[in-house]
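As provided, start_10.txt (compact mmCIF, C-alpha atoms and all ligand atoms) reads as follows.
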```txt
# COMPACT_ATOMS: atom_id res chain seq x y z
CA PRO A 1 -11.73 12.49 7.16
CA PHE A 2 -12.50 11.06 10.63
CA PRO A 3 -15.39 13.36 11.64
CA TRP A 4 -16.94 12.76 8.23
CA TYR A 5 -16.63 9.00 8.65
CA ARG A 6 -18.25 9.24 12.08
CA GLU A 7 -21.14 11.22 10.66
CA MET A 8 -21.57 8.69 7.85
CA ARG A 9 -21.43 5.69 10.20
CA GLU A 10 -24.11 7.28 12.35
CA GLU A 11 -26.38 8.89 9.72
CA SER A 12 -26.02 6.81 6.55
CA PRO A 13 -23.76 3.80 7.09
CA ILE A 14 -24.72 2.40 3.69
CA ARG A 15 -25.71 4.92 1.04
CA TYR A 16 -25.80 5.44 -2.69
CA ASP A 17 -23.82 8.50 -3.86
CA GLU A 18 -25.47 9.81 -7.04
CA ASP A 19 -22.49 11.99 -7.99
CA ARG A 20 -19.88 9.25 -7.83
CA GLU A 21 -22.40 6.59 -8.89
CA CYS A 22 -21.45 4.09 -6.22
CA TRP A 23 -22.51 2.63 -2.91
CA ASP A 24 -20.48 3.67 0.14
CA VAL A 25 -20.10 1.34 3.12
CA PHE A 26 -18.77 2.82 6.37
CA ARG A 27 -19.27 0.43 9.32
CA TYR A 28 -16.75 -2.20 10.34
CA ASP A 29 -19.10 -5.20 10.14
CA ASP A 30 -20.45 -4.15 6.74
CA VAL A 31 -16.99 -3.41 5.27
CA GLN A 32 -15.74 -6.78 6.46
CA ALA A 33 -18.84 -8.53 5.10
CA VAL A 34 -18.30 -6.98 1.64
CA LEU A 35 -14.61 -7.88 1.55
CA GLN A 36 -15.25 -11.44 2.68
CA ASN A 37 -17.92 -12.07 0.09
CA ALA A 38 -15.97 -12.22 -3.17
CA GLU A 39 -18.79 -14.11 -4.88
CA GLU A 40 -21.29 -11.29 -4.60
CA PHE A 41 -18.81 -8.42 -4.52
CA SER A 42 -16.43 -8.99 -7.38
CA SER A 43 -12.98 -7.50 -7.91
CA GLU A 44 -13.21 -7.98 -11.65
CA ARG A 45 -13.13 -4.62 -13.32
CA PRO A 46 -13.33 -3.50 -16.90
CA LEU A 47 -10.00 -2.12 -18.12
CA THR A 48 -10.74 1.54 -17.53
CA ALA A 49 -8.68 4.64 -17.00
CA GLN A 50 -8.71 3.81 -13.30
CA GLY A 51 -6.89 0.56 -13.98
CA GLU A 52 -4.33 2.46 -15.96
CA ASN A 53 -3.62 4.76 -13.06
CA GLU A 54 -3.29 1.97 -10.55
CA THR A 55 -0.92 -0.19 -12.50
CA GLY A 56 0.88 2.26 -14.68
CA GLY A 57 -0.81 1.61 -18.01
CA MET A 58 0.41 -1.97 -17.96
CA ALA A 59 -2.94 -3.10 -16.60
CA LEU A 60 -4.29 -6.45 -17.61
CA GLU A 61 -5.67 -9.12 -15.40
CA THR A 62 -3.83 -9.23 -12.10
CA MET A 63 -4.71 -10.97 -8.85
CA LEU A 64 -6.01 -7.63 -7.55
CA ASN A 65 -8.68 -7.36 -10.24
CA THR A 66 -9.72 -10.95 -10.82
CA ASP A 67 -11.99 -13.36 -8.96
CA PRO A 68 -11.49 -17.07 -8.23
CA PRO A 69 -10.46 -19.37 -9.70
CA ARG A 70 -8.05 -17.17 -11.67
CA HIS A 71 -7.28 -14.95 -8.68
CA ASP A 72 -6.18 -17.91 -6.58
CA GLU A 73 -3.93 -19.29 -9.30
CA LEU A 74 -2.27 -15.95 -9.93
CA ARG A 75 -1.73 -15.38 -6.23
CA LYS A 76 -0.26 -18.85 -5.74
CA VAL A 77 2.54 -17.99 -8.18
CA VAL A 78 4.09 -15.55 -5.70
CA ASP A 79 2.58 -16.61 -2.39
CA ASP A 80 5.66 -18.32 -0.94
CA PRO A 81 8.17 -15.45 -1.13
CA PHE A 82 5.74 -13.23 0.83
CA LYS A 83 5.07 -15.68 3.67
CA PRO A 84 6.40 -14.74 7.13
CA GLY A 85 9.24 -17.29 7.05
CA ALA A 86 10.55 -16.12 3.69
CA VAL A 87 10.15 -12.45 4.56
CA LYS A 88 12.07 -12.93 7.82
CA HIS A 89 15.17 -13.87 5.83
CA LEU A 90 15.15 -10.42 4.23
CA ALA A 91 15.53 -8.67 7.59
CA PRO A 92 19.35 -8.24 7.64
CA HIS A 93 19.33 -6.98 4.09
CA ILE A 94 16.51 -4.52 4.70
CA GLN A 95 18.52 -3.32 7.72
CA ASP A 96 21.60 -2.72 5.51
CA ILE A 97 19.60 -0.77 2.94
CA THR A 98 18.01 1.33 5.69
CA ASN A 99 21.42 2.11 7.20
CA GLU A 100 22.66 3.28 3.81
CA TYR A 101 19.81 5.76 3.47
CA ILE A 102 20.39 7.10 6.99
CA ASP A 103 24.16 7.30 6.39
CA ALA A 104 23.49 9.56 3.44
CA VAL A 105 21.76 12.21 5.60
CA VAL A 106 23.17 11.66 9.08
CA ASP A 107 25.54 14.66 8.93
CA ASP A 108 22.82 17.05 7.81
CA GLY A 109 20.81 17.25 11.04
CA GLU A 110 17.61 17.19 9.00
CA MET A 111 15.95 14.97 6.46
CA ASP A 112 12.72 14.45 4.59
CA ILE A 113 11.45 11.14 5.94
CA ILE A 114 9.64 10.52 2.65
CA ALA A 115 12.26 11.37 0.02
CA ASP A 116 15.28 10.19 2.02
CA LEU A 117 13.96 6.94 3.48
CA ALA A 118 10.29 5.98 3.21
CA THR A 119 10.12 6.18 -0.60
CA PRO A 120 13.41 4.56 -1.64
CA LEU A 121 13.29 1.73 0.91
CA PRO A 122 10.23 -0.19 -0.37
CA VAL A 123 11.16 0.51 -4.02
CA THR A 124 14.62 -0.96 -3.56
CA VAL A 125 13.38 -3.98 -1.63
CA ILE A 126 10.72 -4.92 -4.17
CA ALA A 127 13.06 -4.24 -7.10
CA GLU A 128 15.53 -6.73 -5.65
CA LEU A 129 12.81 -9.32 -5.03
CA ILE A 130 11.56 -8.93 -8.59
CA GLY A 131 15.11 -9.41 -9.85
CA VAL A 132 16.22 -5.99 -11.07
CA PRO A 133 20.05 -6.07 -11.22
CA ALA A 134 21.83 -3.78 -8.76
CA ASP A 135 23.29 -1.59 -11.51
CA ASP A 136 19.83 -0.69 -12.77
CA ARG A 137 18.28 0.18 -9.45
CA GLU A 138 18.90 3.92 -9.55
CA GLN A 139 17.29 4.18 -12.98
CA PHE A 140 14.53 1.98 -11.76
CA LYS A 141 13.82 4.15 -8.73
CA GLN A 142 13.61 7.20 -10.97
CA TRP A 143 10.93 5.57 -13.09
CA SER A 144 8.99 4.50 -10.00
CA ASP A 145 9.21 7.99 -8.52
CA THR A 146 7.97 9.55 -11.74
CA ILE A 147 5.11 7.07 -12.10
CA VAL A 148 3.78 7.53 -8.56
CA GLU A 149 4.45 11.27 -8.33
CA GLY A 150 1.11 13.04 -7.85
CA PRO A 151 0.62 16.23 -9.90
CA GLY A 152 0.37 18.20 -6.63
CA ALA A 153 3.96 17.37 -5.74
CA ALA A 154 5.41 18.90 -8.88
CA THR A 155 6.10 22.49 -9.79
CA VAL A 156 5.32 21.79 -13.45
CA SER A 157 1.87 21.55 -15.05
CA ALA A 158 -0.37 18.52 -14.70
CA GLU A 159 0.00 17.76 -18.42
CA THR A 160 3.78 17.73 -18.15
CA VAL A 161 3.57 15.39 -15.18
CA ARG A 162 1.23 13.11 -17.12
CA GLU A 163 3.58 13.09 -20.12
CA GLU A 164 6.55 12.26 -17.91
CA GLN A 165 4.59 9.48 -16.24
CA LEU A 166 3.67 7.94 -19.59
CA GLN A 167 7.26 8.22 -20.76
CA ALA A 168 8.53 6.53 -17.59
CA GLN A 169 5.92 3.78 -17.91
CA ALA A 170 6.94 3.11 -21.49
CA GLU A 171 10.62 2.99 -20.58
CA MET A 172 9.97 0.69 -17.65
CA ALA A 173 7.86 -1.62 -19.81
CA THR A 174 10.64 -1.83 -22.39
CA TYR A 175 13.15 -2.48 -19.65
CA PHE A 176 11.03 -5.30 -18.20
CA THR A 177 10.45 -6.80 -21.64
CA ASP A 178 14.22 -7.13 -22.04
CA LEU A 179 14.64 -8.51 -18.54
CA ILE A 180 11.86 -11.06 -19.16
CA GLU A 181 13.70 -12.26 -22.27
CA GLN A 182 16.92 -12.64 -20.33
CA ARG A 183 15.21 -14.65 -17.59
CA GLN A 184 13.44 -16.85 -20.11
CA GLU A 185 16.85 -18.10 -21.19
CA ASP A 186 18.53 -17.90 -17.82
CA PRO A 187 16.07 -18.27 -14.89
CA ARG A 188 17.16 -17.07 -11.45
CA ASP A 189 15.71 -17.26 -7.97
CA ASP A 190 13.62 -14.12 -8.33
CA LEU A 191 9.98 -13.14 -8.80
CA ILE A 192 10.35 -12.37 -12.47
CA SER A 193 11.52 -15.93 -13.16
CA LYS A 194 8.66 -17.35 -11.09
CA VAL A 195 6.08 -15.33 -12.99
CA ILE A 196 7.45 -16.19 -16.44
CA HIS A 197 7.53 -19.90 -15.77
CA ALA A 198 4.22 -20.16 -13.92
CA GLU A 199 1.27 -22.11 -15.28
CA VAL A 200 -1.99 -20.30 -14.66
CA GLU A 201 -5.15 -22.14 -15.67
CA GLY A 202 -3.04 -24.43 -17.80
CA ALA A 203 -1.07 -21.78 -19.69
CA THR A 204 1.87 -19.48 -19.20
CA LEU A 205 1.10 -15.77 -18.93
CA SER A 206 1.31 -13.53 -21.98
CA GLU A 207 3.97 -10.85 -22.04
CA GLY A 208 1.35 -8.20 -21.23
CA GLU A 209 0.06 -10.21 -18.29
CA THR A 210 3.59 -10.72 -17.01
CA LEU A 211 4.18 -6.97 -17.20
CA GLY A 212 0.90 -6.35 -15.39
CA PHE A 213 1.92 -8.79 -12.67
CA LEU A 214 5.26 -7.06 -12.10
CA ALA A 215 3.65 -3.62 -12.22
CA LEU A 216 1.15 -4.68 -9.55
CA LEU A 217 3.92 -5.88 -7.23
CA LEU A 218 5.74 -2.61 -7.73
CA ILE A 219 2.90 -0.19 -7.41
CA ALA A 220 0.80 -1.91 -4.71
CA GLY A 221 3.60 -1.93 -2.17
CA ASN A 222 5.41 1.34 -2.61
CA ILE A 223 3.34 4.39 -1.78
CA THR A 224 1.43 2.35 0.81
CA THR A 225 4.56 1.38 2.73
CA THR A 226 5.93 4.91 2.32
CA ASN A 227 2.78 6.23 3.94
CA LEU A 228 2.86 3.67 6.76
CA ILE A 229 6.40 4.70 7.75
CA THR A 230 5.60 8.39 7.43
CA ASN A 231 2.28 8.20 9.28
CA ALA A 232 4.07 6.31 12.07
CA VAL A 233 6.64 9.09 12.50
CA ARG A 234 3.78 11.60 12.69
CA CYS A 235 1.68 9.55 15.13
CA PHE A 236 4.64 8.86 17.42
CA ALA A 237 5.50 12.56 17.52
CA THR A 238 2.13 13.21 19.18
CA LEU A 239 2.77 10.81 22.09
CA PRO A 240 3.28 12.51 25.47
CA ASP A 241 6.75 11.04 25.96
CA GLY A 242 7.58 10.92 22.25
CA ILE A 243 9.21 7.78 20.94
CA GLU A 244 10.24 6.55 24.41
CA SER A 245 7.09 4.46 24.83
CA VAL A 246 7.52 2.72 21.47
CA ARG A 247 11.28 2.18 21.47
CA ASP A 248 11.40 -1.52 22.39
CA ALA A 249 10.56 -4.14 19.77
CA ALA A 250 7.33 -5.44 21.31
CA SER A 251 5.90 -1.94 21.80
CA LEU A 252 6.92 -0.91 18.31
CA GLU A 253 5.14 -3.89 16.80
CA LEU A 254 1.86 -2.99 18.50
CA ALA A 255 2.30 0.68 17.72
CA ILE A 256 2.73 -0.02 14.00
CA GLU A 257 -0.56 -1.94 14.01
CA GLU A 258 -2.16 1.09 15.64
CA VAL A 259 -0.76 3.39 12.94
CA LEU A 260 -2.26 1.02 10.36
CA ARG A 261 -5.61 1.34 12.10
CA TYR A 262 -5.52 5.01 12.96
CA GLN A 263 -4.11 6.39 9.69
CA SER A 264 -4.66 3.55 7.23
CA PRO A 265 -2.50 4.11 4.12
CA ILE A 266 -5.37 2.79 1.97
CA GLN A 267 -8.70 4.24 3.09
CA ALA A 268 -11.06 2.43 0.72
CA VAL A 269 -11.25 -0.43 -1.76
CA SER A 270 -13.90 -0.97 -4.40
CA ARG A 271 -15.94 -3.88 -5.68
CA ILE A 272 -18.64 -4.51 -8.29
CA ALA A 273 -21.85 -6.32 -7.36
CA ALA A 274 -21.79 -9.59 -9.31
CA THR A 275 -25.51 -10.25 -8.90
CA ASP A 276 -28.56 -8.43 -7.59
CA THR A 277 -27.99 -8.54 -3.85
CA GLN A 278 -28.58 -6.85 -0.50
CA LEU A 279 -26.37 -4.48 1.42
CA GLY A 280 -28.01 -4.13 4.83
CA ASP A 281 -31.60 -3.41 3.81
CA HIS A 282 -30.66 -1.77 0.51
CA ASP A 283 -31.18 -3.48 -2.84
CA VAL A 284 -28.00 -3.45 -4.90
CA LYS A 285 -28.13 -4.21 -8.61
CA ALA A 286 -25.67 -6.38 -10.50
CA GLY A 287 -22.95 -4.09 -11.89
CA ASP A 288 -23.25 -1.44 -9.14
CA ARG A 289 -19.95 -0.21 -7.75
CA VAL A 290 -19.46 -0.61 -4.00
CA VAL A 291 -16.79 1.34 -2.11
CA ALA A 292 -15.81 -0.28 1.21
CA TRP A 293 -14.27 2.38 3.47
CA ASN A 294 -11.82 0.38 5.56
CA GLY A 295 -10.43 3.70 6.84
CA SER A 296 -13.84 4.34 8.40
CA ALA A 297 -14.26 0.75 9.62
CA ASN A 298 -10.97 1.22 11.48
CA HIS A 299 -12.54 4.11 13.45
CA ASP A 300 -15.80 2.32 14.24
CA GLY A 301 -16.61 2.60 17.95
CA ASP A 302 -18.52 -0.69 17.84
CA GLN A 303 -15.23 -2.45 17.13
CA PHE A 304 -12.63 -0.22 18.82
CA ASP A 305 -12.81 1.53 22.20
CA ASP A 306 -12.02 5.21 21.97
CA PRO A 307 -11.60 4.87 18.19
CA ASP A 308 -10.41 8.42 17.44
CA THR A 309 -7.51 8.22 19.90
CA PHE A 310 -4.10 6.86 18.92
CA VAL A 311 -3.42 4.17 21.54
CA PRO A 312 0.07 2.79 20.82
CA ASP A 313 -0.39 -0.40 22.83
CA ARG A 314 -3.92 -1.17 21.63
CA SER A 315 -4.57 -4.90 21.77
CA PRO A 316 -6.46 -6.68 20.31
CA ASN A 317 -6.42 -4.60 17.15
CA GLN A 318 -8.31 -6.31 14.34
CA HIS A 319 -7.98 -3.46 11.86
CA LEU A 320 -8.82 -3.80 8.17
CA ALA A 321 -5.88 -1.75 6.84
CA PHE A 322 -4.66 -4.68 4.74
CA GLY A 323 -8.17 -5.63 3.65
CA SER A 324 -9.87 -8.93 4.47
CA GLY A 325 -10.77 -12.16 2.73
CA ILE A 326 -9.12 -13.57 -0.39
CA HIS A 327 -7.51 -10.29 -1.49
CA PHE A 328 -5.92 -9.68 1.93
CA CYS A 329 -2.68 -7.85 1.24
CA LEU A 330 0.00 -10.13 -0.15
CA GLY A 331 2.74 -7.81 1.11
CA ALA A 332 1.50 -7.31 4.69
CA HIS A 333 4.43 -9.11 6.35
CA LEU A 334 6.94 -7.37 4.14
CA ALA A 335 5.40 -3.95 4.78
CA ARG A 336 5.47 -4.56 8.54
CA LEU A 337 9.09 -5.64 8.44
CA GLU A 338 10.11 -2.61 6.39
CA ALA A 339 8.25 -0.29 8.75
CA ARG A 340 9.75 -1.90 11.86
CA THR A 341 13.24 -1.67 10.40
CA ALA A 342 12.90 1.93 9.25
CA LEU A 343 11.44 3.13 12.53
CA SER A 344 13.72 1.23 14.90
CA THR A 345 16.73 2.46 12.91
CA LEU A 346 15.58 6.07 13.20
CA PHE A 347 15.21 5.56 16.97
CA ASP A 348 18.62 3.87 17.30
CA ARG A 349 20.59 6.34 15.30
CA PHE A 350 18.95 9.59 16.33
CA GLU A 351 19.06 10.85 19.89
CA THR A 352 16.20 13.27 19.27
CA MET A 353 13.84 13.80 16.36
CA GLN A 354 11.55 16.81 15.84
CA VAL A 355 8.69 16.72 13.34
CA SER A 356 7.29 19.97 12.01
CA GLU A 357 3.53 19.42 11.79
CA THR A 358 2.94 22.74 10.05
CA GLU A 359 1.85 22.95 6.44
CA LEU A 360 1.99 19.26 5.61
CA GLN A 361 0.40 18.65 2.22
CA PRO A 362 -1.83 15.58 1.98
CA VAL A 363 -1.19 13.18 -0.90
CA GLY A 364 -3.44 13.93 -3.84
CA SER A 365 -5.89 11.02 -3.53
CA SER A 366 -8.86 10.55 -1.22
CA PHE A 367 -8.23 6.78 -1.13
CA LEU A 368 -4.73 7.18 0.28
CA TYR A 369 -3.72 8.64 3.64
CA GLY A 370 -0.35 10.35 3.79
CA VAL A 371 1.55 13.56 3.19
CA GLN A 372 3.89 14.65 0.42
CA GLU A 373 6.87 15.71 2.54
CA LEU A 374 7.79 15.17 6.16
CA PRO A 375 10.79 17.24 7.19
CA VAL A 376 12.35 16.32 10.54
CA GLN A 377 15.25 17.76 12.52
CA PHE A 378 17.37 15.34 14.49
CA SER A 379 20.46 15.10 16.67
CA THR A 380 22.73 12.07 16.90
C1 LIG B 1 -3.75 -6.04 -1.58
C2 LIG B 1 -2.97 -2.54 1.68
C3 LIG B 1 1.84 -3.14 1.18
C4 LIG B 1 1.06 -6.16 -2.49
C5 LIG B 1 -3.94 -5.07 -0.63
C6 LIG B 1 -5.23 -4.66 -0.12
C7 LIG B 1 -5.01 -3.67 0.78
C8 LIG B 1 -3.58 -3.45 0.86
C9 LIG B 1 -6.06 -2.90 1.57
C10 LIG B 1 -6.59 -5.25 -0.51
C11 LIG B 1 -7.12 -4.66 -1.79
C12 LIG B 1 -8.50 -5.18 -2.12
O1 LIG B 1 -9.10 -5.92 -1.31
O2 LIG B 1 -9.00 -4.86 -3.20
C13 LIG B 1 -1.59 -2.40 1.81
C14 LIG B 1 -0.95 -1.53 2.78
C15 LIG B 1 0.41 -1.70 2.64
C16 LIG B 1 0.61 -2.68 1.59
C17 LIG B 1 -1.70 -0.61 3.75
C18 LIG B 1 1.55 -1.06 3.39
C19 LIG B 1 1.45 -0.60 4.59
C20 LIG B 1 2.07 -4.04 0.18
C21 LIG B 1 3.35 -4.53 -0.24
C22 LIG B 1 3.14 -5.35 -1.28
C23 LIG B 1 1.70 -5.42 -1.52
C24 LIG B 1 4.70 -4.16 0.39
C25 LIG B 1 4.28 -6.06 -1.96
C26 LIG B 1 4.34 -6.52 -3.08
C27 LIG B 1 -0.31 -6.37 -2.56
C28 LIG B 1 -0.94 -7.23 -3.55
C29 LIG B 1 -2.31 -7.19 -3.29
C30 LIG B 1 -2.50 -6.31 -2.14
C31 LIG B 1 -0.24 -8.01 -4.64
C32 LIG B 1 -3.42 -7.94 -4.04
C33 LIG B 1 -3.69 -9.23 -3.31
C34 LIG B 1 -4.83 -10.01 -3.92
O3 LIG B 1 -5.59 -9.48 -4.73
O4 LIG B 1 -4.97 -11.22 -3.58
N1 LIG B 1 -2.95 -4.33 -0.01
N2 LIG B 1 -0.62 -3.06 1.11
N3 LIG B 1 1.08 -4.61 -0.61
N4 LIG B 1 -1.28 -5.83 -1.73
FE1 LIG B 1 -0.93 -4.55 -0.25
```

Using the file provided, produce a representation of the structure as structure tokens.
Ligand code: HEM
Amino acid sequence: PFPWYREMREESPIRYDEDRECWDVFRYDDVQAVLQNAEEFSSERPLTAQGENETGGMALETMLNTDPPRHDELRKVVDDPFKPGAVKHLAPHIQDITNEYIDAVVDDGEMDIIADLATPLPVTVIAELIGVPADDREQFKQWSDTIVEGPGAATVSAETVREEQLQAQAEMATYFTDLIEQRQEDPRDDLISKVIHAEVEGATLSEGETLGFLALLLIAGNITTTNLITNAVRCFATLPDGIESVRDAASLELAIEEVLRYQSPIQAVSRIAATDTQLGDHDVKAGDRVVAWNGSANHDGDQFDDPDTFVPDRSPNQHLAFGSGIHFCLGAHLARLEARTALSTLFDRFETMQVSETELQPVGSSFLYGVQELPVQFST
């Protein structure tokens, strides 16, 4: 999409698209201004089919689609476990899980980065944080896989995929309903217990809202982190001396930020104008949809030198891959830690790693950046 973004930034940085019935915003400063102005550009959305897709049919109000004050109260419920200090404690455990996934393929000489590591890792980590018992994790991963599986990835018809997704959603909802009941009687130190016992605007959440909350945590962090890890493997493969220049911890940290900028897993986020307002010199009416293309902002030459080149040690790197303002990604520290662990483990355990760049299929959504499979050959 990068040449198209460039053209848009130059020719029509803010425009109304009649077909999609929304405003598109392409420049860094404008995208940031929209995201930082939650009063005029609201995240509150009617419960449409889109909401169903994003949160697996369990959609109700979540922090992602509410405005203050409710947004802030919902977010506060789970803020602490996602802060850097709390996330840091997960590092050894995330390392163990990563080693297990590599152990399972290490004798094969080849693996699919996505299926064998980048998909199961974030699912397992978030399932544990939520409080899914170890025995149920395999079942749980199957539901998650089915729910996020794009129709393009399957050999069966789109209707069959849709039916399977609905089935998996229903089963997962039933499963969570049971787990919620268990935790109501017997709270533990997990996210599910926090959410059940939280007071939001003076009341506990309904069962539907609790399900929506858990679904958001699950769905927001999985495919995005999968794509970050996968995009990193692809970007690093294009470097002149391969992974050598990103092997040490400090270089890897910078390089992951550059992957976030260069191939942002989420390319755009949307808002609704809360009042009649201005976008640049355009008049926007209350109720208009506004799509902020952070993927384009991250390639804006006014913000980044040489924006269409992957520069692994780029610094500073104020990318908008995790958004900006009050909805800034809750899971950013966790996603970074998972990516660092996955990538450094691949480097440690594999002597060489070859990516085949041919015939990679993009994921089936223009708002996400990633591929469906990433086969690599390696030696140990
Ligand atoms: C919000 C990106 C990983 C949970 C966001 C937003 C972006 C984003 C762009 C802002 C959405 C908006 O403004 O409307 C990413 C990327 C990730 C990632 C690129 C991986 C590389 C995670 C993980 C979690 C997570 C691991 C873990 C639970 C959330 C939540 C929100 C959010 C709950 C809503 C925050 C709010 O509304 O206050 N993410 N995310 N994300 N993300 Fe992430």

Tell me which protein, DNA and RNA residues are within 8 Å of range 278-291 of chain A, counting all atoms listed in the file, leaving out same-chain ones fewer than 5 positions away, and put them as a PDB file with C-alpha atoms, in the coordinates of the input.
```pdb
ATOM      1  CA  ILE A  14     -24.720   2.400   3.690  1.00  0.00           C
ATOM      2  CA  GLU A  21     -22.400   6.590  -8.890  1.00  0.00           C
ATOM      3  CA  CYS A  22     -21.450   4.090  -6.220  1.00  0.00           C
ATOM      4  CA  TRP A  23     -22.510   2.630  -2.910  1.00  0.00           C
ATOM      5  CA  ASP A  24     -20.480   3.670   0.140  1.00  0.00           C
ATOM      6  CA  VAL A  25     -20.100   1.340   3.120  1.00  0.00           C
ATOM      7  CA  ASP A  30     -20.450  -4.150   6.740  1.00  0.00           C
ATOM      8  CA  PHE A  41     -18.810  -8.420  -4.520  1.00  0.00           C
ATOM      9  CA  ALA A 268     -11.060   2.430   0.720  1.00  0.00           C
ATOM     10  CA  VAL A 269     -11.250  -0.430  -1.760  1.00  0.00           C
ATOM     11  CA  SER A 270     -13.900  -0.970  -4.400  1.00  0.00           C
ATOM     12  CA  ARG A 271     -15.940  -3.880  -5.680  1.00  0.00           C
ATOM     13  CA  ILE A 272     -18.640  -4.510  -8.290  1.00  0.00           C
ATOM     14  CA  ALA A 273     -21.850  -6.320  -7.360  1.00  0.00           C
TER      15      ALA A 273
END
```

With 4 Å of padding per side, what axis-aligned box (centre and edge lengths, Å, one decimal) covers all the listed atoms of ligand LIG 1 (chain B)? Give it as AutoDock Vina command-line options.
```
--center_x -2.2 --center_y -5.9 --center_z -0.1 --size_x 21.8 --size_y 18.6 --size_z 17.3
```

Kindly work out which residues sit at most 8 Å from ligand LIG 1 (chain B), using all atoms listed in the file, and give the list as a ChimeraX atom specification.
-> /A:35,43,62-66,71-72,75,82,122,126,216-229,260,264-271,294,320-336,339

Shortest interatomic distance to Ala255 in chain A - which of A:Asn298, A:Gln354, A:Ser315, A:Ser206, counting only C-alpha atoms |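 Nearest candidate to Ala255 in chain A out of A:Asn298, A:Gln354, A:Ser315, A:Ser206: A:Ser315.
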
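Restricting the calculation to all atoms listed in the file, the smallest distance between Gln182 in chain A and any of A:Asp302, A:Gln377, A:Glu40, A:Ile196 is found for A:Ile196.
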
All residues 12 Å or closer to Glu244 in chain A, only C-alpha atoms, same chain fewer than 2 positions away omitted, as a PyMOL selection string | chain A and resi 236-242+246-249+251-252+255+312+344+347-348+351-353

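What separates CA of Lys88 in chain A from CA of Arg340 in chain A is a distance of 12.0 Å.
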
Computed interatomic separation between CA of Glu73 in chain A and CA of Ser42 in chain A (Å) =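 Interatomic distance here is 16.3 Å.
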
For Ala118 in chain A, which residue out of A:Pro1, A:Ala232, A:Ile130, A:Val106 is the nearest one, using only C-alpha atoms?
->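 Answer, going by the shortest atom-to-atom distance: A:Ala232.
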
Residue nearest Arg70 in chain A among A:Leu346, A:Leu179, A:Ala134, A:Leu205 (counting only C-alpha atoms) =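 Closest to Arg70 in chain A, using only C-alpha atoms: A:Leu205.
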
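One finds CA of Asp136 in chain A at 15.7 Å from CA of Ile97 in chain A.
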
Among A:Val161, A:Val371, A:Leu360, A:Val376, Gly109 in chain A is approached most closely, using all atoms listed in the file, by A:Val376

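With distances restricted to only C-alpha atoms, A:Val77 is the closest residue to Glu199 in chain A from A:Glu164, A:Val77, A:Ser157, A:Glu110.
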
Could I get range 198-207 of chain A rebuilt with N, CA, C and O atoms, written as a short mmCIF file (atom, residue, chain, number, x, y, z; two decimals), keeping the file's coordinate frame?
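Result written to selection_38.cif:
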```cif
data_model
loop_
_atom_site.label_atom_id
_atom_site.label_comp_id
_atom_site.auth_asym_id
_atom_site.auth_seq_id
_atom_site.Cartn_x
_atom_site.Cartn_y
_atom_site.Cartn_z
N ALA A 198 5.41 -19.65 -14.60
CA ALA A 198 4.22 -20.16 -13.92
C ALA A 198 3.19 -20.66 -14.93
O ALA A 198 3.07 -20.11 -16.03
N GLU A 199 2.44 -21.67 -14.51
CA GLU A 199 1.27 -22.11 -15.28
C GLU A 199 0.04 -21.60 -14.56
O GLU A 199 -0.19 -21.92 -13.40
N VAL A 200 -0.77 -20.81 -15.25
CA VAL A 200 -1.99 -20.30 -14.66
C VAL A 200 -3.15 -20.77 -15.53
O VAL A 200 -3.19 -20.47 -16.72
N GLU A 201 -4.06 -21.53 -14.92
CA GLU A 201 -5.15 -22.14 -15.67
C GLU A 201 -4.63 -22.84 -16.92
O GLU A 201 -5.15 -22.68 -18.02
N GLY A 202 -3.55 -23.58 -16.74
CA GLY A 202 -3.04 -24.43 -17.80
C GLY A 202 -2.17 -23.76 -18.85
O GLY A 202 -1.77 -24.39 -19.82
N ALA A 203 -1.87 -22.47 -18.67
CA ALA A 203 -1.07 -21.78 -19.69
C ALA A 203 -0.10 -20.81 -19.03
O ALA A 203 -0.33 -20.35 -17.91
N THR A 204 0.99 -20.52 -19.72
CA THR A 204 1.87 -19.48 -19.20
C THR A 204 1.24 -18.12 -19.50
O THR A 204 0.38 -17.98 -20.37
N LEU A 205 1.67 -17.11 -18.76
CA LEU A 205 1.10 -15.77 -18.93
C LEU A 205 1.65 -15.13 -20.21
O LEU A 205 2.79 -15.38 -20.59
N SER A 206 0.83 -14.30 -20.83
CA SER A 206 1.31 -13.53 -21.98
C SER A 206 2.31 -12.47 -21.49
O SER A 206 2.40 -12.21 -20.29
N GLU A 207 3.00 -11.88 -22.43
CA GLU A 207 3.97 -10.85 -22.04
C GLU A 207 3.26 -9.68 -21.33
O GLU A 207 3.74 -9.18 -20.32
#
```
